[in-house]
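Taking it in order: structure first as structure tokens, then the write-up.
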Amino acid sequence: MAAHWLSLRTTVSAVENLDVICDSIAWLSGEPDSTKVDKTKSHHGSSMYSVTCKLTKNKSIQCVLDNLGDEIKAELVANSLERLDSNDCMHFRVSKASLVAGKPEISPPGSSSSVKFSIKIKKFGDQSTIQQITDLLG
């Protein structure tokens with residue numbers, strides 16, 4: 001496994017169903033107890049929630065990647081250079097609606113209703129980060 005950790009986060013407004021989104025994240029991760037919810041207030045005073053999940057176990061990380069599906073994994077491999085930062089973290093967003101429907105899809109740029117994913121890639125010896133991503137997602 002070529003990942004130190006995988007994290008995901010999203011915000012849930014008062015008009016969205018918090019339980020459904022938490023259940024979707026629990027399904028995706030295979031770790032229902034790893035989801036954390038923090039209640040806050042928006043700028044206008046209404047309730048909103050910050051939902052986060054951080055996974056460090058290889059089995060849980062692989063469960064997320066498997067549940068994302070082959071299309072998303074292929075797209076991430078193809079666009080890995082664009083999604084990688086200077087700290088060897090890969091970032092991407094999945095549409096919240098598609099996740100709730102059980103068919104995750106990469107969120108288009110500028111989409112406001114999404115779940116942000118970050119994966120910290122491990123580096124081994126002379127192998128490149130891109131090769132590690134290919135091995136992880138392949």
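We name chains A, B, ... following the order of the structure tokens; residues begin at 1 in each chain, and ligands are numbered from 1 as shown.
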
Give me the residues within 12 Å of Ile133 in chain A as a PDB file with C-alpha atoms, in the first residue's frame, counting only C-alpha atoms and dropping any in the same chain fewer than 2 places off.
```
ATOM      1  CA  MET A   1       0.000   0.000   0.000  1.00  0.00           C
ATOM      2  CA  ALA A   2       1.460   3.327  -1.033  1.00  0.00           C
ATOM      3  CA  ALA A   3      -0.613   5.674   1.144  1.00  0.00           C
ATOM      4  CA  LEU A  65     -10.576   3.257  -3.427  1.00  0.00           C
ATOM      5  CA  LYS A  73      -9.294   5.441 -10.268  1.00  0.00           C
ATOM      6  CA  ALA A  74      -8.387   5.526 -13.976  1.00  0.00           C
ATOM      7  CA  GLU A  75      -9.146   9.255 -14.136  1.00  0.00           C
ATOM      8  CA  LEU A  76      -6.995   9.913 -11.053  1.00  0.00           C
ATOM      9  CA  VAL A  77      -4.071   7.997 -12.552  1.00  0.00           C
ATOM     10  CA  ALA A  78      -4.441   9.861 -15.858  1.00  0.00           C
ATOM     11  CA  ASN A  79      -4.534  13.273 -14.144  1.00  0.00           C
ATOM     12  CA  SER A  80      -2.223  12.509 -11.226  1.00  0.00           C
ATOM     13  CA  LEU A  81       0.288  15.281 -11.981  1.00  0.00           C
ATOM     14  CA  ARG A  83      -3.819  16.587  -8.583  1.00  0.00           C
ATOM     15  CA  LEU A  84      -0.535  16.196  -6.728  1.00  0.00           C
ATOM     16  CA  ASP A  88       3.003  14.310  -2.221  1.00  0.00           C
ATOM     17  CA  CYS A  89      -0.697  14.621  -1.407  1.00  0.00           C
ATOM     18  CA  MET A  90      -3.232  13.885  -4.117  1.00  0.00           C
ATOM     19  CA  HIS A  91      -6.429  15.947  -4.000  1.00  0.00           C
ATOM     20  CA  ILE A 119      -4.380  10.994  -0.054  1.00  0.00           C
ATOM     21  CA  LYS A 120      -0.848  11.236   1.352  1.00  0.00           C
ATOM     22  CA  ILE A 121       1.343   9.130  -0.932  1.00  0.00           C
ATOM     23  CA  LYS A 122       4.247   7.119   0.522  1.00  0.00           C
ATOM     24  CA  LYS A 123       7.580   7.276  -1.258  1.00  0.00           C
ATOM     25  CA  PHE A 124       9.800   4.220  -1.414  1.00  0.00           C
ATOM     26  CA  GLN A 127      10.296   5.008  -7.143  1.00  0.00           C
ATOM     27  CA  SER A 128       8.504   8.151  -8.296  1.00  0.00           C
ATOM     28  CA  THR A 129       5.366   9.468  -6.675  1.00  0.00           C
ATOM     29  CA  ILE A 130       3.504   8.975  -9.964  1.00  0.00           C
ATOM     30  CA  GLN A 131       4.535   5.302  -9.984  1.00  0.00           C
ATOM     31  CA  ASP A 135       0.453   1.118  -8.102  1.00  0.00           C
ATOM     32  CA  LEU A 136      -2.044   2.291  -5.476  1.00  0.00           C
ATOM     33  CA  LEU A 137      -4.892   2.942  -7.904  1.00  0.00           C
ATOM     34  CA  GLY A 138      -4.054   0.303 -10.501  1.00  0.00           C
TER      35      GLY A 138
END
```

According to DSSP computed on the backbone, where in range 10-138 of chain A is there helix (DSSP H, G or I)? Give the residues as a PyMOL selection string. chain A and resi 18-29+32-34+58-68+70-78+80-83+96-100+129-137

Pull N, CA and C atoms from the residues just selected and write them as a short mmCIF file (atom, residue, chain, number, x, y, z; two decimals), in the first residue's frame.
```
data_model
loop_
_atom_site.label_atom_id
_atom_site.label_comp_id
_atom_site.auth_asym_id
_atom_site.auth_seq_id
_atom_site.Cartn_x
_atom_site.Cartn_y
_atom_site.Cartn_z
N LEU A 18 -28.04 15.27 7.09
CA LEU A 18 -26.76 14.91 7.69
C LEU A 18 -26.60 13.39 7.81
N ASP A 19 -27.65 12.70 8.24
CA ASP A 19 -27.56 11.25 8.44
C ASP A 19 -27.27 10.51 7.14
N VAL A 20 -27.90 10.94 6.06
CA VAL A 20 -27.69 10.28 4.77
C VAL A 20 -26.25 10.49 4.30
N ILE A 21 -25.73 11.67 4.47
CA ILE A 21 -24.35 11.95 4.05
C ILE A 21 -23.36 11.17 4.92
N CYS A 22 -23.60 11.12 6.22
CA CYS A 22 -22.72 10.34 7.11
C CYS A 22 -22.79 8.86 6.77
N ASP A 23 -23.98 8.36 6.47
CA ASP A 23 -24.12 6.95 6.07
C ASP A 23 -23.37 6.67 4.77
N SER A 24 -23.39 7.61 3.84
CA SER A 24 -22.68 7.44 2.57
C SER A 24 -21.17 7.40 2.79
N ILE A 25 -20.68 8.25 3.67
CA ILE A 25 -19.25 8.24 3.99
C ILE A 25 -18.87 6.96 4.72
N ALA A 26 -19.74 6.50 5.61
CA ALA A 26 -19.48 5.24 6.31
C ALA A 26 -19.44 4.08 5.33
N TRP A 27 -20.35 4.06 4.35
CA TRP A 27 -20.33 3.00 3.33
C TRP A 27 -19.03 3.07 2.53
N LEU A 28 -18.66 4.27 2.13
CA LEU A 28 -17.47 4.44 1.31
C LEU A 28 -16.22 3.97 2.05
N SER A 29 -16.11 4.32 3.32
CA SER A 29 -14.90 4.02 4.08
C SER A 29 -14.90 2.62 4.68
N PRO A 32 -17.58 2.98 9.91
CA PRO A 32 -18.61 3.93 10.39
C PRO A 32 -18.17 4.78 11.57
N ASP A 33 -17.30 4.26 12.41
CA ASP A 33 -16.89 5.00 13.61
C ASP A 33 -15.82 6.05 13.33
N SER A 34 -15.29 6.08 12.11
CA SER A 34 -14.23 7.04 11.81
C SER A 34 -14.76 8.40 11.36
N ASN A 58 -4.50 0.38 5.98
CA ASN A 58 -4.44 0.02 4.57
C ASN A 58 -5.76 -0.58 4.07
N LYS A 59 -6.38 -1.41 4.88
CA LYS A 59 -7.63 -2.07 4.49
C LYS A 59 -8.73 -1.03 4.27
N SER A 60 -8.82 -0.05 5.14
CA SER A 60 -9.84 1.00 5.01
C SER A 60 -9.58 1.89 3.80
N ILE A 61 -8.31 2.24 3.57
CA ILE A 61 -7.97 3.06 2.41
C ILE A 61 -8.31 2.32 1.13
N GLN A 62 -7.99 1.03 1.09
CA GLN A 62 -8.29 0.23 -0.10
C GLN A 62 -9.80 0.09 -0.30
N CYS A 63 -10.56 0.01 0.79
CA CYS A 63 -12.02 -0.06 0.70
C CYS A 63 -12.58 1.19 0.03
N VAL A 64 -12.08 2.35 0.43
CA VAL A 64 -12.52 3.61 -0.19
C VAL A 64 -12.21 3.60 -1.68
N LEU A 65 -10.98 3.25 -2.02
CA LEU A 65 -10.58 3.26 -3.43
C LEU A 65 -11.39 2.27 -4.24
N ASP A 66 -11.67 1.11 -3.68
CA ASP A 66 -12.50 0.12 -4.39
C ASP A 66 -13.93 0.62 -4.58
N ASN A 67 -14.47 1.27 -3.54
CA ASN A 67 -15.85 1.78 -3.63
C ASN A 67 -15.97 2.98 -4.57
N LEU A 68 -14.87 3.69 -4.79
CA LEU A 68 -14.91 4.79 -5.75
C LEU A 68 -15.10 4.27 -7.17
N ASP A 70 -13.60 1.84 -10.73
CA ASP A 70 -12.50 1.81 -11.69
C ASP A 70 -12.41 3.09 -12.53
N GLU A 71 -13.56 3.68 -12.88
CA GLU A 71 -13.53 4.90 -13.69
C GLU A 71 -12.82 6.04 -12.96
N ILE A 72 -13.16 6.24 -11.70
CA ILE A 72 -12.53 7.31 -10.94
C ILE A 72 -11.04 7.02 -10.76
N LYS A 73 -10.70 5.78 -10.45
CA LYS A 73 -9.29 5.44 -10.27
C LYS A 73 -8.51 5.68 -11.56
N ALA A 74 -9.07 5.31 -12.69
CA ALA A 74 -8.39 5.53 -13.98
C ALA A 74 -8.21 7.02 -14.25
N GLU A 75 -9.23 7.81 -13.93
CA GLU A 75 -9.15 9.26 -14.14
C GLU A 75 -8.09 9.87 -13.22
N LEU A 76 -7.99 9.39 -11.99
CA LEU A 76 -6.99 9.91 -11.05
C LEU A 76 -5.58 9.58 -11.52
N VAL A 77 -5.39 8.37 -12.03
CA VAL A 77 -4.07 8.00 -12.55
C VAL A 77 -3.72 8.87 -13.75
N ALA A 78 -4.69 9.07 -14.64
CA ALA A 78 -4.44 9.86 -15.86
C ALA A 78 -4.12 11.32 -15.54
N SER A 80 -2.91 12.48 -12.52
CA SER A 80 -2.22 12.51 -11.23
C SER A 80 -1.29 13.71 -11.06
N LEU A 81 -0.61 14.13 -12.11
CA LEU A 81 0.29 15.28 -11.98
C LEU A 81 -0.47 16.56 -11.61
N GLU A 82 -1.65 16.73 -12.16
CA GLU A 82 -2.46 17.92 -11.87
C GLU A 82 -3.02 17.90 -10.46
N ARG A 83 -3.18 16.73 -9.88
CA ARG A 83 -3.82 16.59 -8.58
C ARG A 83 -2.83 16.44 -7.43
N LYS A 96 -21.24 15.18 -4.03
CA LYS A 96 -21.97 14.71 -2.86
C LYS A 96 -23.22 13.92 -3.27
N ALA A 97 -23.93 14.41 -4.29
CA ALA A 97 -25.14 13.72 -4.76
C ALA A 97 -24.83 12.33 -5.30
N SER A 98 -23.74 12.21 -6.06
CA SER A 98 -23.38 10.90 -6.61
C SER A 98 -22.93 9.95 -5.50
N LEU A 99 -22.28 10.46 -4.48
CA LEU A 99 -21.87 9.62 -3.36
C LEU A 99 -23.08 9.10 -2.61
N VAL A 100 -24.06 9.97 -2.37
CA VAL A 100 -25.29 9.56 -1.69
C VAL A 100 -26.04 8.52 -2.51
N THR A 129 6.70 9.33 -7.27
CA THR A 129 5.37 9.47 -6.68
C THR A 129 4.29 9.04 -7.67
N ILE A 130 4.48 9.36 -8.94
CA ILE A 130 3.50 8.97 -9.96
C ILE A 130 3.41 7.46 -10.06
N GLN A 131 4.55 6.77 -9.95
CA GLN A 131 4.54 5.30 -9.98
C GLN A 131 3.81 4.75 -8.76
N GLN A 132 4.00 5.38 -7.61
CA GLN A 132 3.30 4.95 -6.41
C GLN A 132 1.79 5.12 -6.56
N ILE A 133 1.37 6.22 -7.17
CA ILE A 133 -0.06 6.46 -7.40
C ILE A 133 -0.61 5.39 -8.35
N THR A 134 0.14 5.10 -9.40
CA THR A 134 -0.29 4.08 -10.36
C THR A 134 -0.43 2.73 -9.67
N ASP A 135 0.52 2.38 -8.82
CA ASP A 135 0.45 1.12 -8.10
C ASP A 135 -0.73 1.09 -7.13
N LEU A 136 -0.96 2.20 -6.45
CA LEU A 136 -2.04 2.29 -5.48
C LEU A 136 -3.41 2.18 -6.13
N LEU A 137 -3.58 2.87 -7.25
CA LEU A 137 -4.89 2.94 -7.90
C LEU A 137 -5.08 1.90 -8.99
#
```

Would you list the contacts of Leu6 in chain A as a compact mmCIF listing (two decimals) with N, CA and C atoms, in the first residue's frame, taking every protein, DNA or RNA residue within 6 Å and counting only C-alpha atoms, but skipping same-chain residues closer than 4 positions in sequence?
```
# COMPACT_ATOMS: atom_id res chain seq x y z
N LYS A 54 -10.76 10.45 8.60
CA LYS A 54 -9.35 10.21 8.28
C LYS A 54 -9.04 8.75 8.54
N LEU A 55 -8.52 8.10 7.50
CA LEU A 55 -8.22 6.68 7.57
C LEU A 55 -6.72 6.46 7.45
N SER A 118 -8.20 13.77 0.15
CA SER A 118 -6.75 13.95 0.11
C SER A 118 -6.12 12.61 0.46
N ILE A 119 -5.11 12.23 -0.32
CA ILE A 119 -4.38 10.99 -0.05
C ILE A 119 -2.90 11.34 0.04
```

Picked from chain A by DSSP as strand (DSSP E), as a PyMOL selection string: chain A and resi 3-13+35-41+47-55+89-95+114-121

Can you tell me how far CA of Met48 in chain A sits from CA of Asp85 in chain A, in Å to one decimal?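 Computed distance, CA of Met48 in chain A to CA of Asp85 in chain A, equals 29.0 Å.
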
Given the choices A:Lys116, A:Arg9, A:His4, A:Arg93, which gets closest to Ser50 in chain A if the distance is worked out from only C-alpha atoms?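 That would be A:Arg9, the residue with the smallest distance to Ser50 in chain A.
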
Provide the CA of Thr10 in chain A to CA of Ser46 in chain A distance in Å, to one decimal place.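 Distance reported for this atom pair: 16.6 Å.
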
In terms of the shortest atom-to-atom distance over only C-alpha atoms, which of A:Ser86, A:Asn17, A:Ser112, A:Ser7 is closest to Tyr49 in chain A?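 Closest to Tyr49 in chain A, using only C-alpha atoms: A:Asn17.
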
Spatial neighbours of Lys36 in chain A, 8 Å, only C-alpha atoms, chain gap at least 3 places, as a PyMOL selection string: chain A and resi 33+51-53
